[in-house]
Every structure is written in structure tokens, then in C-alpha cells.
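Engineer: Take this structure first; my questions come after.
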Amino acid sequence: MNTLSFYKKDGNLYVFKNQPVFIAILSIIFLAIAVWTFSSIKLLSLALIALVVLIVINFFAKKFIIDVERQTITGKHSIFVPAQTYSMNDFTNFEVIATKYMGLITTNVMLSAHFNINGKDKRLTIGQALTQKGIQKMVNETEDIMAINQDHGRNRPL
């Protein structure tokens, strides 16, 4: 593991770097719609501005931390959900969810880690990308940090 693209190493902690590109594009689109509709539909414009503020706050509240010393993973994917910490021993698999526009064009791909806690499936959202190639790199880097699936090399399938 030479360079980290998705994580920042802080001692024994690997902190996931939130990707601001998707949030910035989404916020700009909502703000443009709010400005465009402000003269005719003020309530919609104010609601969109409030939504953008909520999206930005949520961006800064989101966290995903791998602690290799304590063998734990802590995640918080929303300001409305408290942080959850799980043992790496409870990790079961990754889940990739791809959103497609009209069944053809991939518009968003999300990566989650699943844990089995007392027979119940728990999930932590790791990150998002626009392509499955970006998610593949995210999975590879996360697996390297967690020291799992080492025998498959760099081109591991999802």
C-alpha cells in the first residue's frame, strides 16, 4: 500500500476523505434552480437553499474511520444518525449499489461495508463515486487497510 487515494493516515487511524465533487455539483444544481425559480416560487427556492445547507452540513458530519490498532471501524453517514463502531471481526462483505439513468447510464455508485452483529446485518456507508472503477479502487484500498483479501492482487473483482 504505497499511496492512499481515499484515506488519510493519522497514526493508527485511517480516515476516509469525503469526496466534495459530487456534493458540490449537487449543491450548485439546487442553488441554480433556487435562483431561477426565486421570483415565481419563493417557497420552493427557500426550501432548496435550506436543502443545500443541510447537504453541506451533512458532508462535514460524515465520517468513516478504520482503527487498525483496536481493529474497529467507525462510521457516521448522516447528521441524523449517531456514529456506530464495529469490530473488523464482524465484517462480512462489501455492497456496491449502482444507480442507473434509464437503465443505461450509471449516475452514482455507492459502497457500503456490512457487519454481522448478533445475527443482525448492519451497514456502514463508505463512499460514493460516479463509476464502478472508482468504487473498485475504493474497495481495494479499504481491503488493504483492513488486511483482508490480500491474495487477489490489485485487480480484485467486485
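Following the order of the C-alpha cells, chains are lettered A, B, ..., residues in each are numbered from 1, and ligands are numbered from 1.
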Enumerate as a compact mmCIF listing (two decimals) with all heavy atoms, in the first residue's frame all residues of segment 9-106 of chain A assigned to helix (DSSP H, G or I) by DSSP on the backbone, naming them with the chain letters and numbers the document uses.
Structural biologist:
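Saved result, states.txt, follows:
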# COMPACT_ATOMS: atom_id res chain seq x y z
N PRO A 20 -15.71 15.85 -2.29
CA PRO A 20 -16.55 17.03 -2.39
C PRO A 20 -17.14 17.26 -3.79
O PRO A 20 -18.06 18.05 -3.93
CB PRO A 20 -15.60 18.17 -2.02
CG PRO A 20 -14.26 17.66 -2.42
CD PRO A 20 -14.29 16.18 -2.20
N VAL A 21 -16.67 16.56 -4.81
CA VAL A 21 -17.11 16.83 -6.18
C VAL A 21 -18.61 16.58 -6.34
O VAL A 21 -19.35 17.43 -6.84
CB VAL A 21 -16.30 16.00 -7.20
CG1 VAL A 21 -16.82 16.19 -8.60
CG2 VAL A 21 -14.83 16.38 -7.11
N PHE A 22 -19.08 15.41 -5.93
CA PHE A 22 -20.50 15.07 -6.07
C PHE A 22 -21.36 16.06 -5.29
O PHE A 22 -22.37 16.55 -5.79
CB PHE A 22 -20.74 13.63 -5.60
CG PHE A 22 -22.18 13.20 -5.72
CD1 PHE A 22 -22.73 12.92 -6.96
CD2 PHE A 22 -22.98 13.09 -4.60
CE1 PHE A 22 -24.04 12.53 -7.08
CE2 PHE A 22 -24.30 12.69 -4.71
CZ PHE A 22 -24.83 12.41 -5.95
N ILE A 23 -20.97 16.37 -4.06
CA ILE A 23 -21.73 17.30 -3.22
C ILE A 23 -21.73 18.69 -3.84
O ILE A 23 -22.75 19.39 -3.84
CB ILE A 23 -21.14 17.33 -1.79
CG1 ILE A 23 -21.25 15.95 -1.14
CG2 ILE A 23 -21.81 18.38 -0.92
CD1 ILE A 23 -22.63 15.38 -1.05
N ALA A 24 -20.60 19.12 -4.37
CA ALA A 24 -20.51 20.45 -4.99
C ALA A 24 -21.42 20.54 -6.21
O ALA A 24 -22.15 21.53 -6.38
CB ALA A 24 -19.07 20.76 -5.37
N ILE A 25 -21.39 19.52 -7.06
CA ILE A 25 -22.24 19.53 -8.26
C ILE A 25 -23.71 19.55 -7.87
O ILE A 25 -24.50 20.32 -8.42
CB ILE A 25 -21.90 18.32 -9.16
CG1 ILE A 25 -20.52 18.49 -9.77
CG2 ILE A 25 -22.95 18.14 -10.26
CD1 ILE A 25 -20.00 17.26 -10.49
N LEU A 26 -24.09 18.70 -6.93
CA LEU A 26 -25.48 18.65 -6.49
C LEU A 26 -25.92 19.98 -5.88
O LEU A 26 -27.01 20.48 -6.18
CB LEU A 26 -25.64 17.51 -5.46
CG LEU A 26 -27.04 17.15 -5.04
CD1 LEU A 26 -27.84 16.61 -6.22
CD2 LEU A 26 -26.98 16.12 -3.92
N SER A 27 -25.07 20.57 -5.06
CA SER A 27 -25.40 21.86 -4.44
C SER A 27 -25.53 22.97 -5.47
O SER A 27 -26.44 23.80 -5.39
CB SER A 27 -24.32 22.24 -3.41
OG SER A 27 -24.29 21.30 -2.37
N ILE A 28 -24.64 22.98 -6.45
CA ILE A 28 -24.71 24.01 -7.49
C ILE A 28 -25.99 23.87 -8.31
O ILE A 28 -26.65 24.88 -8.62
CB ILE A 28 -23.45 23.95 -8.39
CG1 ILE A 28 -22.25 24.46 -7.60
CG2 ILE A 28 -23.64 24.75 -9.67
CD1 ILE A 28 -20.92 24.20 -8.27
N ILE A 29 -26.37 22.65 -8.62
CA ILE A 29 -27.61 22.43 -9.37
C ILE A 29 -28.81 22.93 -8.57
O ILE A 29 -29.67 23.65 -9.10
CB ILE A 29 -27.77 20.94 -9.75
CG1 ILE A 29 -26.74 20.57 -10.81
CG2 ILE A 29 -29.18 20.65 -10.24
CD1 ILE A 29 -26.65 19.08 -11.09
N PHE A 30 -28.89 22.58 -7.29
CA PHE A 30 -30.01 23.02 -6.46
C PHE A 30 -30.03 24.54 -6.29
O PHE A 30 -31.09 25.16 -6.31
CB PHE A 30 -29.99 22.33 -5.09
CG PHE A 30 -30.47 20.91 -5.12
CD1 PHE A 30 -30.09 20.01 -4.14
CD2 PHE A 30 -31.31 20.44 -6.12
CE1 PHE A 30 -30.53 18.70 -4.15
CE2 PHE A 30 -31.76 19.13 -6.14
CZ PHE A 30 -31.36 18.25 -5.15
N LEU A 31 -28.85 25.14 -6.11
CA LEU A 31 -28.79 26.60 -5.98
C LEU A 31 -29.19 27.28 -7.29
O LEU A 31 -29.87 28.32 -7.26
CB LEU A 31 -27.40 27.04 -5.55
CG LEU A 31 -27.05 26.78 -4.09
CD1 LEU A 31 -25.60 27.13 -3.82
CD2 LEU A 31 -27.98 27.54 -3.15
N ALA A 32 -28.81 26.72 -8.42
CA ALA A 32 -29.20 27.29 -9.71
C ALA A 32 -30.71 27.24 -9.89
O ALA A 32 -31.33 28.22 -10.35
CB ALA A 32 -28.50 26.55 -10.85
N ILE A 33 -31.31 26.13 -9.51
CA ILE A 33 -32.78 26.02 -9.59
C ILE A 33 -33.43 27.01 -8.64
O ILE A 33 -34.44 27.65 -8.97
CB ILE A 33 -33.23 24.58 -9.30
CG1 ILE A 33 -32.75 23.64 -10.40
CG2 ILE A 33 -34.75 24.49 -9.16
CD1 ILE A 33 -32.94 22.16 -10.10
N ALA A 34 -32.85 27.18 -7.45
CA ALA A 34 -33.40 28.11 -6.47
C ALA A 34 -33.35 29.55 -7.00
O ALA A 34 -34.31 30.31 -6.86
CB ALA A 34 -32.64 28.01 -5.14
N VAL A 35 -32.24 29.93 -7.61
CA VAL A 35 -32.12 31.28 -8.17
C VAL A 35 -33.08 31.46 -9.34
O VAL A 35 -33.74 32.50 -9.47
CB VAL A 35 -30.65 31.55 -8.61
CG1 VAL A 35 -30.54 32.80 -9.45
CG2 VAL A 35 -29.77 31.64 -7.38
N TRP A 36 -33.19 30.44 -10.17
CA TRP A 36 -34.05 30.51 -11.36
C TRP A 36 -35.53 30.64 -10.98
O TRP A 36 -36.28 31.34 -11.64
CB TRP A 36 -33.80 29.28 -12.21
CG TRP A 36 -34.54 29.25 -13.50
CD1 TRP A 36 -34.56 30.21 -14.46
CD2 TRP A 36 -35.37 28.20 -13.97
NE1 TRP A 36 -35.35 29.84 -15.50
CE2 TRP A 36 -35.87 28.58 -15.23
CE3 TRP A 36 -35.74 26.97 -13.46
CZ2 TRP A 36 -36.71 27.79 -15.97
CZ3 TRP A 36 -36.58 26.17 -14.22
CH2 TRP A 36 -37.06 26.59 -15.45
N THR A 37 -35.95 29.98 -9.90
CA THR A 37 -37.37 29.99 -9.51
C THR A 37 -37.69 31.00 -8.41
O THR A 37 -38.83 31.07 -7.97
CB THR A 37 -37.80 28.59 -9.03
OG1 THR A 37 -37.02 28.23 -7.89
CG2 THR A 37 -37.65 27.56 -10.12
N LYS A 42 -41.12 31.44 -4.48
CA LYS A 42 -40.18 31.75 -3.40
C LYS A 42 -40.06 30.63 -2.38
O LYS A 42 -38.98 30.36 -1.87
CB LYS A 42 -40.60 33.05 -2.71
CG LYS A 42 -40.30 34.27 -3.54
CD LYS A 42 -40.58 35.53 -2.75
CE LYS A 42 -40.11 36.70 -3.43
NZ LYS A 42 -40.53 37.55 -4.27
N LEU A 43 -41.17 29.98 -2.08
CA LEU A 43 -41.14 28.91 -1.08
C LEU A 43 -40.26 27.75 -1.55
O LEU A 43 -39.47 27.20 -0.78
CB LEU A 43 -42.56 28.42 -0.78
CG LEU A 43 -42.69 27.41 0.35
CD1 LEU A 43 -42.17 28.01 1.65
CD2 LEU A 43 -44.13 26.99 0.51
N LEU A 44 -40.36 27.38 -2.83
CA LEU A 44 -39.52 26.32 -3.38
C LEU A 44 -38.05 26.74 -3.33
O LEU A 44 -37.18 25.93 -2.96
CB LEU A 44 -39.92 26.01 -4.83
CG LEU A 44 -39.01 25.01 -5.56
CD1 LEU A 44 -39.09 23.64 -4.92
CD2 LEU A 44 -39.38 24.94 -7.03
N SER A 45 -37.77 27.98 -3.67
CA SER A 45 -36.39 28.47 -3.64
C SER A 45 -35.80 28.41 -2.24
O SER A 45 -34.66 27.97 -2.05
CB SER A 45 -36.32 29.90 -4.17
OG SER A 45 -36.71 29.95 -5.51
N LEU A 46 -36.57 28.85 -1.26
CA LEU A 46 -36.09 28.81 0.12
C LEU A 46 -35.90 27.37 0.60
O LEU A 46 -34.93 27.08 1.33
CB LEU A 46 -37.05 29.56 1.03
CG LEU A 46 -37.15 31.07 0.77
CD1 LEU A 46 -38.22 31.70 1.65
CD2 LEU A 46 -35.80 31.74 0.98
N ALA A 47 -36.78 26.48 0.19
CA ALA A 47 -36.65 25.06 0.56
C ALA A 47 -35.39 24.47 -0.07
O ALA A 47 -34.67 23.70 0.59
CB ALA A 47 -37.88 24.28 0.13
N LEU A 48 -35.10 24.82 -1.32
CA LEU A 48 -33.89 24.31 -1.98
C LEU A 48 -32.62 24.86 -1.32
O LEU A 48 -31.63 24.14 -1.17
CB LEU A 48 -33.91 24.65 -3.47
CG LEU A 48 -34.87 23.82 -4.32
CD1 LEU A 48 -34.90 24.35 -5.74
CD2 LEU A 48 -34.47 22.36 -4.31
N ILE A 49 -32.65 26.12 -0.92
CA ILE A 49 -31.50 26.70 -0.23
C ILE A 49 -31.28 25.99 1.12
O ILE A 49 -30.15 25.68 1.49
CB ILE A 49 -31.68 28.22 -0.06
CG1 ILE A 49 -31.58 28.90 -1.43
CG2 ILE A 49 -30.64 28.79 0.90
CD1 ILE A 49 -31.99 30.35 -1.45
N ALA A 50 -32.36 25.73 1.83
CA ALA A 50 -32.26 25.00 3.10
C ALA A 50 -31.73 23.59 2.87
O ALA A 50 -30.92 23.08 3.65
CB ALA A 50 -33.62 24.95 3.78
N LEU A 51 -32.14 22.97 1.77
CA LEU A 51 -31.65 21.63 1.44
C LEU A 51 -30.15 21.65 1.15
O LEU A 51 -29.41 20.76 1.59
CB LEU A 51 -32.42 21.07 0.23
CG LEU A 51 -32.04 19.67 -0.21
CD1 LEU A 51 -32.34 18.65 0.87
CD2 LEU A 51 -32.78 19.31 -1.50
N VAL A 52 -29.69 22.66 0.44
CA VAL A 52 -28.26 22.79 0.16
C VAL A 52 -27.47 22.97 1.45
O VAL A 52 -26.42 22.35 1.64
CB VAL A 52 -27.99 23.95 -0.82
CG1 VAL A 52 -26.51 24.30 -0.89
CG2 VAL A 52 -28.52 23.61 -2.21
N VAL A 53 -27.99 23.78 2.37
CA VAL A 53 -27.31 23.96 3.67
C VAL A 53 -27.24 22.63 4.41
O VAL A 53 -26.20 22.27 4.96
CB VAL A 53 -28.05 25.04 4.51
CG1 VAL A 53 -27.55 25.04 5.94
CG2 VAL A 53 -27.88 26.41 3.87
N LEU A 54 -28.32 21.87 4.38
CA LEU A 54 -28.35 20.56 5.03
C LEU A 54 -27.36 19.59 4.38
O LEU A 54 -26.66 18.84 5.07
CB LEU A 54 -29.77 19.98 4.99
CG LEU A 54 -30.04 18.75 5.81
CD1 LEU A 54 -29.80 19.02 7.29
CD2 LEU A 54 -31.46 18.28 5.58
N ILE A 55 -27.27 19.61 3.06
CA ILE A 55 -26.33 18.75 2.33
C ILE A 55 -24.89 19.09 2.72
O ILE A 55 -24.07 18.20 2.96
CB ILE A 55 -26.54 18.87 0.81
CG1 ILE A 55 -27.84 18.19 0.39
CG2 ILE A 55 -25.36 18.29 0.04
CD1 ILE A 55 -28.25 18.44 -1.05
N VAL A 56 -24.57 20.36 2.80
CA VAL A 56 -23.21 20.79 3.15
C VAL A 56 -22.88 20.41 4.59
O VAL A 56 -21.78 19.90 4.88
CB VAL A 56 -23.03 22.30 2.89
CG1 VAL A 56 -21.72 22.80 3.47
CG2 VAL A 56 -23.12 22.60 1.40
N ILE A 57 -23.80 20.63 5.51
CA ILE A 57 -23.58 20.25 6.91
C ILE A 57 -23.38 18.74 7.02
O ILE A 57 -22.49 18.26 7.73
CB ILE A 57 -24.75 20.72 7.81
CG1 ILE A 57 -24.74 22.24 7.92
CG2 ILE A 57 -24.68 20.07 9.18
CD1 ILE A 57 -25.97 22.81 8.59
N ASN A 58 -24.19 17.98 6.29
CA ASN A 58 -24.08 16.53 6.31
C ASN A 58 -22.73 16.07 5.75
O ASN A 58 -22.14 15.11 6.23
CB ASN A 58 -25.22 15.91 5.51
CG ASN A 58 -25.43 14.47 5.85
OD1 ASN A 58 -25.49 14.11 7.01
ND2 ASN A 58 -25.56 13.65 4.83
N PHE A 59 -22.23 16.77 4.74
CA PHE A 59 -20.93 16.44 4.15
C PHE A 59 -19.83 16.52 5.21
O PHE A 59 -18.96 15.66 5.28
CB PHE A 59 -20.62 17.40 2.99
CG PHE A 59 -19.22 17.29 2.47
CD1 PHE A 59 -18.85 16.24 1.65
CD2 PHE A 59 -18.26 18.22 2.82
CE1 PHE A 59 -17.56 16.13 1.17
CE2 PHE A 59 -16.97 18.13 2.34
CZ PHE A 59 -16.61 17.07 1.52
N PHE A 60 -19.87 17.56 6.03
CA PHE A 60 -18.83 17.72 7.04
C PHE A 60 -19.04 16.81 8.25
O PHE A 60 -18.09 16.53 8.99
CB PHE A 60 -18.73 19.19 7.48
CG PHE A 60 -18.13 20.06 6.43
CD1 PHE A 60 -18.90 20.96 5.72
CD2 PHE A 60 -16.77 19.97 6.12
CE1 PHE A 60 -18.34 21.76 4.72
CE2 PHE A 60 -16.20 20.76 5.13
CZ PHE A 60 -16.99 21.66 4.43
N ALA A 61 -20.26 16.32 8.47
CA ALA A 61 -20.53 15.43 9.60
C ALA A 61 -20.20 13.97 9.28
O ALA A 61 -19.95 13.17 10.17
CB ALA A 61 -21.99 15.55 10.02
N MET A 88 -13.69 -5.29 13.33
CA MET A 88 -13.35 -5.83 12.00
C MET A 88 -13.66 -7.32 11.92
O MET A 88 -13.90 -7.84 10.83
CB MET A 88 -11.88 -5.58 11.68
CG MET A 88 -11.58 -4.20 11.22
SD MET A 88 -9.93 -4.15 10.52
CE MET A 88 -9.40 -2.56 11.07
N ASN A 89 -13.70 -8.00 13.06
CA ASN A 89 -14.04 -9.43 13.07
C ASN A 89 -15.49 -9.66 12.67
O ASN A 89 -15.85 -10.75 12.23
CB ASN A 89 -13.79 -10.04 14.45
CG ASN A 89 -12.32 -10.02 14.82
OD1 ASN A 89 -11.46 -10.06 13.95
ND2 ASN A 89 -12.04 -9.93 16.11
N ASP A 90 -16.35 -8.65 12.84
CA ASP A 90 -17.76 -8.78 12.48
C ASP A 90 -18.03 -8.42 11.02
O ASP A 90 -19.14 -8.55 10.54
CB ASP A 90 -18.61 -7.87 13.38
CG ASP A 90 -18.57 -8.30 14.83
OD1 ASP A 90 -18.42 -9.51 15.09
OD2 ASP A 90 -18.68 -7.43 15.71
Engineer: Could you jot down the atom CA of Asn18 of chain A to atom CA of Gln128 of chain A separation for me, Å, one decimal place?
Structural biologist: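 Between atom CA of Asn18 of chain A and atom CA of Gln128 of chain A the gap is 8.9 Å.
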Engineer: Report as an NGL selection string: the residues of segment 46-96 of chain A with a DSSP assignment of strand (DSSP E or B), based on the backbone of this structure.
Structural biologist: :A and (63-67 or 72-76 or 84-87 or 91-96)
